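Engineer: Can you read through this structure? Questions will come right after.
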Amino acid sequence: MNQSIKEIPKIELHCHLDGSVSKHLIRQLAQEQGVYLNEDRLTVQEDCESLASYLKCFDEVLKVLQTADSLKRAIVDVAQQAYEDNVKYIEIRFAPLLHMEQGMTLLDVLKAVEAGVNIVQDTLHMKVNLLICAMRQHAASVNKQLFDDVSVYNSEKICGIDFAGPEVGFPPYEIQNTIQYGLEKGMNLTLHAGECGCIHNVLESIKIGAKRIGHGVAANLDEAILNEVKAKDVLLEICPKSNLQTKAIETLSQINIPYLLKNDIPFIINTDNRMVTQTSLNEEYTLLLKHQLINKKQIKYINKRAVQYAFLTEAEKRQVLQSMS
């Protein structure tokens, strides 16, 4: 029987909370909170010229994600979207310091998102973990304090860290000291790199200690760097539609998926920002199928393989793989 895209069990490792909350929930939260939203600014525009332009969408949605209730519901909302994509495991990443504009403490934020995760795991047949995003543009002292506080909170639901925000102006070597600080606390690291045409950022991120690279597409046509990705056993978290919108790539072919598959270079397909990009994981795979860049057998393979790069214990990985059988 020829399986549909939806029927294929999947995992997702690169999904931003604030960029993925559904418009339905955003409207509902805005109405409840008495917040005015310019809905035209919630999703990426056709004339988007760069990552910097793309990131402006987040200013609008963050207006309604400043309470414990809204964060808890946002986690549930995003997980439900992933559940519709037949995702068995998802890591949802968020930047706690961006949700404190109305008086919540960091502890309040962490407890709220964790409460959302608990609801999901009690109601849906999927596993959810959280990634903490430090912001590249924040001072090192601010991000180090964030890592200190997250370590003290010591949640089993928080599985790693990331650095998000503008890549141009804040390359890996500029934030290396802060990255190392997080690594020394025993945190798993995935790092946005190569989203702005900066090939060397991918290599630098690997040298610093990233176990996964968020996007990385700037290096996908560079055989030497891809050899290094494979040699260091680093997974690329690829987000096709988002990369087209931010102009990280001009065409889907630049992701170089056939080469990645042929050379068994680890990668997984993700949504990045479901609402901002107006996508789902099923839509991402459908797009790749339509352009004959991947087939359904390969989709099954890369998803099962990517479990080995998830920030899970070995026992948890076996459980996720079992759920994908």
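Following the order of the structure tokens, chains are lettered A, B, ..., residues in each are numbered from 1, and ligands are numbered from 1.
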What are the DSSP strand (DSSP E) residues of stretch 42-238 of chain A, as a ChimeraX atom specification?

Structural biologist: /A:87-94,127-135,158-164,190-193,212-215,235-238

Engineer: Write to file, as a compact mmCIF listing (two decimals), in the first residue's frame, the residues of the selection just made, with N, CA, C and O atoms.

Structural biologist:
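For reference, again_36.txt as written:
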```
# COMPACT_ATOMS: atom_id res chain seq x y z
N VAL A 87 3.59 13.60 13.90
CA VAL A 87 4.89 13.74 14.57
C VAL A 87 4.83 12.97 15.89
O VAL A 87 3.92 13.17 16.70
N LYS A 88 5.80 12.11 16.11
CA LYS A 88 5.85 11.30 17.32
C LYS A 88 6.74 11.93 18.39
O LYS A 88 6.60 11.62 19.57
N TYR A 89 7.64 12.79 17.97
CA TYR A 89 8.50 13.50 18.92
C TYR A 89 8.83 14.87 18.35
O TYR A 89 9.17 14.98 17.16
N ILE A 90 8.73 15.90 19.17
CA ILE A 90 9.05 17.25 18.73
C ILE A 90 9.82 17.99 19.82
O ILE A 90 9.54 17.83 21.01
N GLU A 91 10.81 18.75 19.39
CA GLU A 91 11.49 19.68 20.29
C GLU A 91 11.03 21.08 19.91
O GLU A 91 11.26 21.54 18.78
N ILE A 92 10.37 21.74 20.84
CA ILE A 92 9.87 23.09 20.61
C ILE A 92 10.82 24.06 21.29
O ILE A 92 11.08 23.97 22.49
N ARG A 93 11.34 25.01 20.53
CA ARG A 93 12.31 25.95 21.09
C ARG A 93 11.68 27.31 21.31
O ARG A 93 10.78 27.73 20.55
N PHE A 94 12.14 27.98 22.35
CA PHE A 94 11.60 29.30 22.67
C PHE A 94 12.64 30.10 23.44
O PHE A 94 13.56 29.54 24.03
N LYS A 127 5.72 12.67 22.20
CA LYS A 127 6.63 13.17 23.22
C LYS A 127 7.10 14.55 22.84
O LYS A 127 7.39 14.83 21.67
N VAL A 128 7.17 15.44 23.83
CA VAL A 128 7.58 16.82 23.61
C VAL A 128 8.71 17.19 24.56
O VAL A 128 8.64 16.89 25.76
N ASN A 129 9.74 17.82 24.03
CA ASN A 129 10.78 18.42 24.85
C ASN A 129 10.97 19.88 24.45
O ASN A 129 10.43 20.33 23.43
N LEU A 130 11.72 20.60 25.25
CA LEU A 130 11.91 22.03 25.05
C LEU A 130 13.38 22.37 24.85
O LEU A 130 14.26 21.78 25.48
N LEU A 131 13.62 23.34 23.97
CA LEU A 131 14.96 23.89 23.77
C LEU A 131 14.93 25.36 24.18
O LEU A 131 14.02 26.10 23.80
N ILE A 132 15.92 25.78 24.94
CA ILE A 132 16.01 27.16 25.39
C ILE A 132 16.84 27.97 24.40
O ILE A 132 17.99 27.62 24.11
N CYS A 133 16.26 29.04 23.88
CA CYS A 133 16.98 29.91 22.95
C CYS A 133 17.54 31.12 23.69
O CYS A 133 16.79 31.91 24.28
N ALA A 134 18.85 31.24 23.67
CA ALA A 134 19.47 32.52 24.02
C ALA A 134 19.42 33.36 22.75
O ALA A 134 19.32 32.83 21.65
N MET A 135 19.50 34.68 22.89
CA MET A 135 19.45 35.55 21.73
C MET A 135 20.85 36.08 21.44
O MET A 135 21.53 36.59 22.33
N ILE A 158 13.45 20.21 29.55
CA ILE A 158 14.39 21.06 28.82
C ILE A 158 15.60 20.21 28.43
O ILE A 158 16.32 19.71 29.29
N CYS A 159 15.78 20.05 27.12
CA CYS A 159 16.79 19.07 26.66
C CYS A 159 18.01 19.70 26.01
O CYS A 159 18.96 18.99 25.66
N GLY A 160 18.02 21.04 25.83
CA GLY A 160 19.18 21.65 25.20
C GLY A 160 19.03 23.14 25.02
O GLY A 160 18.02 23.74 25.44
N ILE A 161 20.03 23.74 24.38
CA ILE A 161 20.05 25.19 24.15
C ILE A 161 20.34 25.50 22.69
O ILE A 161 20.86 24.67 21.94
N ASP A 162 20.02 26.73 22.34
CA ASP A 162 20.23 27.23 20.98
C ASP A 162 20.51 28.72 21.09
O ASP A 162 20.20 29.35 22.11
N PHE A 163 21.09 29.29 20.05
CA PHE A 163 21.22 30.74 19.94
C PHE A 163 20.46 31.17 18.70
O PHE A 163 20.79 30.75 17.58
N ALA A 164 19.42 31.97 18.89
CA ALA A 164 18.59 32.45 17.79
C ALA A 164 18.82 33.94 17.59
O ALA A 164 19.65 34.55 18.26
N THR A 190 22.33 22.94 19.89
CA THR A 190 22.04 23.09 18.48
C THR A 190 22.19 24.57 18.19
O THR A 190 21.90 25.41 19.05
N LEU A 191 22.67 24.91 17.01
CA LEU A 191 23.03 26.31 16.76
C LEU A 191 22.59 26.75 15.37
O LEU A 191 22.90 26.08 14.38
N HIS A 192 21.84 27.85 15.31
CA HIS A 192 21.52 28.44 14.02
C HIS A 192 22.82 28.87 13.33
O HIS A 192 23.62 29.59 13.91
N ALA A 193 22.99 28.43 12.10
CA ALA A 193 24.18 28.83 11.35
C ALA A 193 23.95 28.58 9.86
O ALA A 193 23.24 27.66 9.48
N ARG A 212 24.04 19.73 16.42
CA ARG A 212 23.14 19.91 15.29
C ARG A 212 23.27 21.35 14.80
O ARG A 212 23.61 22.24 15.58
N ILE A 213 23.00 21.56 13.52
CA ILE A 213 23.05 22.89 12.94
C ILE A 213 21.65 23.28 12.46
O ILE A 213 21.04 22.55 11.66
N GLY A 214 21.15 24.40 12.97
CA GLY A 214 19.87 24.91 12.52
C GLY A 214 20.00 25.54 11.15
O GLY A 214 20.72 26.53 10.98
N HIS A 215 19.38 24.95 10.15
CA HIS A 215 19.41 25.38 8.75
C HIS A 215 20.70 24.88 8.07
O HIS A 215 20.69 23.85 7.44
N LEU A 235 23.98 16.74 12.67
CA LEU A 235 22.72 16.73 11.92
C LEU A 235 22.36 18.14 11.45
O LEU A 235 22.44 19.10 12.22
N LEU A 236 21.93 18.24 10.19
CA LEU A 236 21.42 19.51 9.66
C LEU A 236 19.92 19.57 9.84
O LEU A 236 19.19 18.66 9.41
N GLU A 237 19.43 20.64 10.47
CA GLU A 237 18.00 20.85 10.66
C GLU A 237 17.51 21.78 9.52
O GLU A 237 17.63 22.99 9.63
N ILE A 238 16.99 21.19 8.47
CA ILE A 238 16.66 21.94 7.27
C ILE A 238 15.19 22.35 7.27
O ILE A 238 14.31 21.54 7.60
```

Engineer: Can you pull out the residues contacting A:Ala112? Cut-off 9 Å, using only C-alpha atoms, and skip same-chain residues under 3 positions away; I want them as a ChimeraX atom specification.

Structural biologist: /A:67-73,107-109,115-117

Engineer: Name the residues in contact with A:Gln102 at a cut-off of 10 Å, using only C-alpha atoms, excluding same-chain residues fewer than 6 positions from it; report them as a PDB file with all heavy atoms, in the first residue's frame.

Structural biologist:
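Generated output (around_13.pdb):
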```
ATOM      1  N   LYS A  63       3.314  39.994  21.360  1.00  0.00           N
ATOM      2  CA  LYS A  63       2.412  40.856  22.140  1.00  0.00           C
ATOM      3  C   LYS A  63       1.444  40.036  22.997  1.00  0.00           C
ATOM      4  O   LYS A  63       1.058  40.470  24.085  1.00  0.00           O
ATOM      5  CB  LYS A  63       1.602  41.762  21.211  1.00  0.00           C
ATOM      6  CG  LYS A  63       2.379  42.835  20.486  1.00  0.00           C
ATOM      7  CD  LYS A  63       1.442  43.636  19.589  1.00  0.00           C
ATOM      8  CE  LYS A  63       2.151  44.704  18.783  1.00  0.00           C
ATOM      9  NZ  LYS A  63       1.210  45.443  17.896  1.00  0.00           N
ATOM     10  N   LEU A  65       1.933  36.766  23.967  1.00  0.00           N
ATOM     11  CA  LEU A  65       2.571  35.631  24.635  1.00  0.00           C
ATOM     12  C   LEU A  65       3.369  36.094  25.849  1.00  0.00           C
ATOM     13  O   LEU A  65       4.540  35.771  26.028  1.00  0.00           O
ATOM     14  CB  LEU A  65       3.481  34.880  23.656  1.00  0.00           C
ATOM     15  CG  LEU A  65       2.783  34.193  22.481  1.00  0.00           C
ATOM     16  CD1 LEU A  65       3.805  33.501  21.580  1.00  0.00           C
ATOM     17  CD2 LEU A  65       1.746  33.179  22.968  1.00  0.00           C
ATOM     18  N   GLN A  66       2.703  36.882  26.694  1.00  0.00           N
ATOM     19  CA  GLN A  66       3.361  37.460  27.863  1.00  0.00           C
ATOM     20  C   GLN A  66       2.708  37.041  29.170  1.00  0.00           C
ATOM     21  O   GLN A  66       2.943  37.659  30.214  1.00  0.00           O
ATOM     22  CB  GLN A  66       3.377  38.995  27.745  1.00  0.00           C
ATOM     23  CG  GLN A  66       4.079  39.528  26.515  1.00  0.00           C
ATOM     24  CD  GLN A  66       5.559  39.196  26.485  1.00  0.00           C
ATOM     25  OE1 GLN A  66       6.198  39.092  27.525  1.00  0.00           O
ATOM     26  NE2 GLN A  66       6.115  39.027  25.284  1.00  0.00           N
ATOM     27  N   THR A  67       1.881  35.988  29.129  1.00  0.00           N
ATOM     28  CA  THR A  67       1.233  35.486  30.353  1.00  0.00           C
ATOM     29  C   THR A  67       1.452  33.981  30.445  1.00  0.00           C
ATOM     30  O   THR A  67       1.687  33.301  29.431  1.00  0.00           O
ATOM     31  CB  THR A  67      -0.286  35.761  30.348  1.00  0.00           C
ATOM     32  OG1 THR A  67      -0.903  34.952  29.328  1.00  0.00           O
ATOM     33  CG2 THR A  67      -0.587  37.236  30.089  1.00  0.00           C
TER      34      THR A  67
END
```

Engineer: Could you check which of A:Ala82, A:Ala210, A:Met104, A:Leu203 is closest to A:His125, using only C-alpha atoms?

Structural biologist: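 Counting only C-alpha atoms, the residue closest to A:His125 is A:Ala82.
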
Engineer: Could you tell me which of A:Ile208, A:Ala231, A:Ile175, A:Leu37 comes closest to A:Ala140 if we count only C-alpha atoms?

Structural biologist: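 Ranked by minimum distance to A:Ala140, first place goes to A:Ile175.
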
Engineer: Run DSSP on the backbone and tell me which residues of stretch 57-284 of chain A come out as helix (DSSP H, G or I); list them as a PyMOL selection string.

Structural biologist: chain A and resi 57-64+68-84+96-99+106-123+140-153+172-174+176-184+199-208+217-219+223-231+240-245+252-255+257-262+274-277+281-284

Engineer: Residues at most 12 Å from A:Ser4, counting only C-alpha atoms, excluding those fewer than 6 positions away in the same chain, as a PyMOL selection string?

Structural biologist: chain A and resi 85-86+282-283+285-286+289+295-297+299-300

Engineer: Selection from above, N, CA and C atoms, as a short mmCIF file (atom, residue, chain, number, x, y, z; two decimals), in the first residue's frame, can you write it?

Structural biologist:
```cif
data_model
loop_
_atom_site.label_atom_id
_atom_site.label_comp_id
_atom_site.auth_asym_id
_atom_site.auth_seq_id
_atom_site.Cartn_x
_atom_site.Cartn_y
_atom_site.Cartn_z
N ASP A 85 0.43 16.29 11.87
CA ASP A 85 1.46 15.89 10.89
C ASP A 85 2.00 14.49 11.18
N ASN A 86 1.43 13.83 12.18
CA ASN A 86 1.88 12.50 12.62
C ASN A 86 3.30 12.54 13.16
N ASN A 282 3.81 18.20 6.92
CA ASN A 282 3.32 17.46 5.75
C ASN A 282 3.48 18.28 4.47
N GLU A 283 3.25 19.60 4.56
CA GLU A 283 3.41 20.47 3.39
C GLU A 283 4.88 20.55 2.96
N TYR A 285 7.20 18.23 3.27
CA TYR A 285 7.56 17.00 2.57
C TYR A 285 6.85 16.90 1.22
N THR A 286 5.62 17.36 1.16
CA THR A 286 4.89 17.35 -0.10
C THR A 286 5.60 18.20 -1.14
N LEU A 289 8.60 16.29 -2.39
CA LEU A 289 8.16 15.20 -3.26
C LEU A 289 7.78 15.73 -4.64
N ASN A 295 11.94 10.73 -1.89
CA ASN A 295 10.78 9.85 -2.04
C ASN A 295 10.30 9.39 -0.67
N LYS A 296 9.18 8.69 -0.64
CA LYS A 296 8.57 8.34 0.64
C LYS A 296 9.42 7.37 1.45
N LYS A 297 10.10 6.46 0.78
CA LYS A 297 11.00 5.55 1.49
C LYS A 297 12.12 6.32 2.17
N ILE A 299 11.92 9.46 3.11
CA ILE A 299 11.32 10.23 4.21
C ILE A 299 11.27 9.39 5.48
N LYS A 300 10.86 8.14 5.34
CA LYS A 300 10.83 7.23 6.49
C LYS A 300 12.23 7.07 7.06
#
```

Engineer: Taking 2 positions as the minimum chain separation for residues in the same chain, which residues sit within 10 Å of A:Asp77 when counting only C-alpha atoms? Answer as a PyMOL selection string.

Structural biologist: chain A and resi 17+20-22+24-25+71-75+79-83+116+120

Engineer: Pick the closest to A:Lys6 from A:Arg136, A:Thr246, A:Glu84, A:Asn256: which is it, counting only C-alpha atoms?

Structural biologist: A:Glu84

Engineer: Quick check, in Å to one decimal: how far apart do atom CA of A:Glu167 and atom CA of A:Gly194 lie?

Structural biologist: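 Between these atoms lies a distance of 8.2 Å.
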
Engineer: Fewer than 3 positions away in the same chain doesn't count, so skip those; otherwise give me all residues within 12 Å of A:Lys23, counting only C-alpha atoms, as a short mmCIF file (atom, residue, chain, number, x, y, z; two decimals) with C-alpha atoms, in the first residue's frame.

Structural biologist:
```
data_model
loop_
_atom_site.label_atom_id
_atom_site.label_comp_id
_atom_site.auth_asym_id
_atom_site.auth_seq_id
_atom_site.Cartn_x
_atom_site.Cartn_y
_atom_site.Cartn_z
CA ASP A 18 6.33 31.98 18.96
CA GLY A 19 6.53 31.57 15.19
CA SER A 20 4.29 28.50 15.16
CA ILE A 26 -3.36 34.31 18.45
CA ARG A 27 -6.67 35.99 17.60
CA GLN A 28 -8.30 34.41 20.63
CA LEU A 29 -5.52 35.56 22.96
CA ALA A 30 -5.57 39.07 21.50
CA LEU A 37 -2.85 42.99 16.34
CA ASN A 38 -1.90 43.89 12.82
CA GLU A 39 -2.52 40.49 11.26
CA ASP A 40 -0.70 41.47 8.09
CA ARG A 41 2.50 41.43 10.14
CA LEU A 42 2.00 37.94 11.55
CA THR A 43 3.05 36.06 8.44
CA GLU A 60 3.57 41.11 16.57
CA VAL A 61 2.88 37.64 17.94
CA VAL A 64 0.02 38.09 23.22
CA ALA A 74 0.66 28.03 22.90
CA ASP A 77 -1.51 24.51 20.16
CA VAL A 78 1.82 23.91 18.44
CA GLN A 81 -0.43 20.99 14.88
CA ARG A 274 4.52 27.09 11.15
CA MET A 275 2.42 30.23 11.38
CA VAL A 276 4.93 32.83 10.14
CA THR A 277 5.89 30.67 7.16
CA GLN A 278 2.34 29.33 6.71
#
```

Engineer: Using only C-alpha atoms, which of the listed residues (A:Ser253, A:Glu12, A:Val142, A:Ala310) sits closest to A:Leu189?

Structural biologist: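 Nearest candidate to A:Leu189 out of A:Ser253, A:Glu12, A:Val142, A:Ala310: A:Ala310.
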
Engineer: What does the distance from atom CA of A:Val234 to atom CA of A:Gln180 come to in Å, to one decimal?

Structural biologist: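 Between atom CA of A:Val234 and atom CA of A:Gln180 the gap works out to 17.5 Å.
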
Engineer: Please identify all polymer residues within 9 Å of A:Leu146, counting only C-alpha atoms, omitting same-chain residues fewer than 4 positions from it, and present them as a PDB file with N, CA and C atoms, in the first residue's frame.

Structural biologist:
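Full text of out_14.pdb as output:
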```
ATOM      1  N   PRO A  96      12.943  32.353  26.501  1.00  0.00           N
ATOM      2  CA  PRO A  96      12.227  32.780  27.706  1.00  0.00           C
ATOM      3  C   PRO A  96      12.277  34.281  27.966  1.00  0.00           C
ATOM      4  N   LEU A  97      13.427  34.896  27.663  1.00  0.00           N
ATOM      5  CA  LEU A  97      13.586  36.317  27.986  1.00  0.00           C
ATOM      6  C   LEU A  97      12.694  37.224  27.137  1.00  0.00           C
ATOM      7  N   LEU A 106      11.444  34.593  35.009  1.00  0.00           N
ATOM      8  CA  LEU A 106      11.913  33.463  34.209  1.00  0.00           C
ATOM      9  C   LEU A 106      11.299  32.165  34.720  1.00  0.00           C
ATOM     10  N   ALA A 134      18.853  31.243  23.669  1.00  0.00           N
ATOM     11  CA  ALA A 134      19.469  32.523  24.023  1.00  0.00           C
ATOM     12  C   ALA A 134      19.422  33.361  22.751  1.00  0.00           C
ATOM     13  N   SER A 141      26.504  38.487  29.494  1.00  0.00           N
ATOM     14  CA  SER A 141      26.115  38.346  30.904  1.00  0.00           C
ATOM     15  C   SER A 141      24.649  37.942  31.039  1.00  0.00           C
ATOM     16  N   VAL A 142      23.801  38.456  30.144  1.00  0.00           N
ATOM     17  CA  VAL A 142      22.375  38.132  30.169  1.00  0.00           C
ATOM     18  C   VAL A 142      22.159  36.663  29.812  1.00  0.00           C
ATOM     19  N   VAL A 150      18.300  28.395  34.181  1.00  0.00           N
ATOM     20  CA  VAL A 150      17.720  27.177  33.601  1.00  0.00           C
ATOM     21  C   VAL A 150      18.327  25.940  34.261  1.00  0.00           C
ATOM     22  N   SER A 151      19.622  25.980  34.534  1.00  0.00           N
ATOM     23  CA  SER A 151      20.290  24.851  35.185  1.00  0.00           C
ATOM     24  C   SER A 151      19.748  24.628  36.590  1.00  0.00           C
TER      25      SER A 151
END
```

Engineer: From the options A:Asn220, A:Gln121, A:Asn188, A:Asn201, which residue's atoms come nearest to A:Glu174, counting only C-alpha atoms?

Structural biologist: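 Residue with the minimum atom-to-atom distance to A:Glu174: A:Asn201.
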
Engineer: Expressed in Å to a single decimal, how great is the separation between atom CA of A:Ala139 and atom CA of A:Lys185?

Structural biologist: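 Separation of atom CA of A:Ala139 and atom CA of A:Lys185: 18.6 Å.
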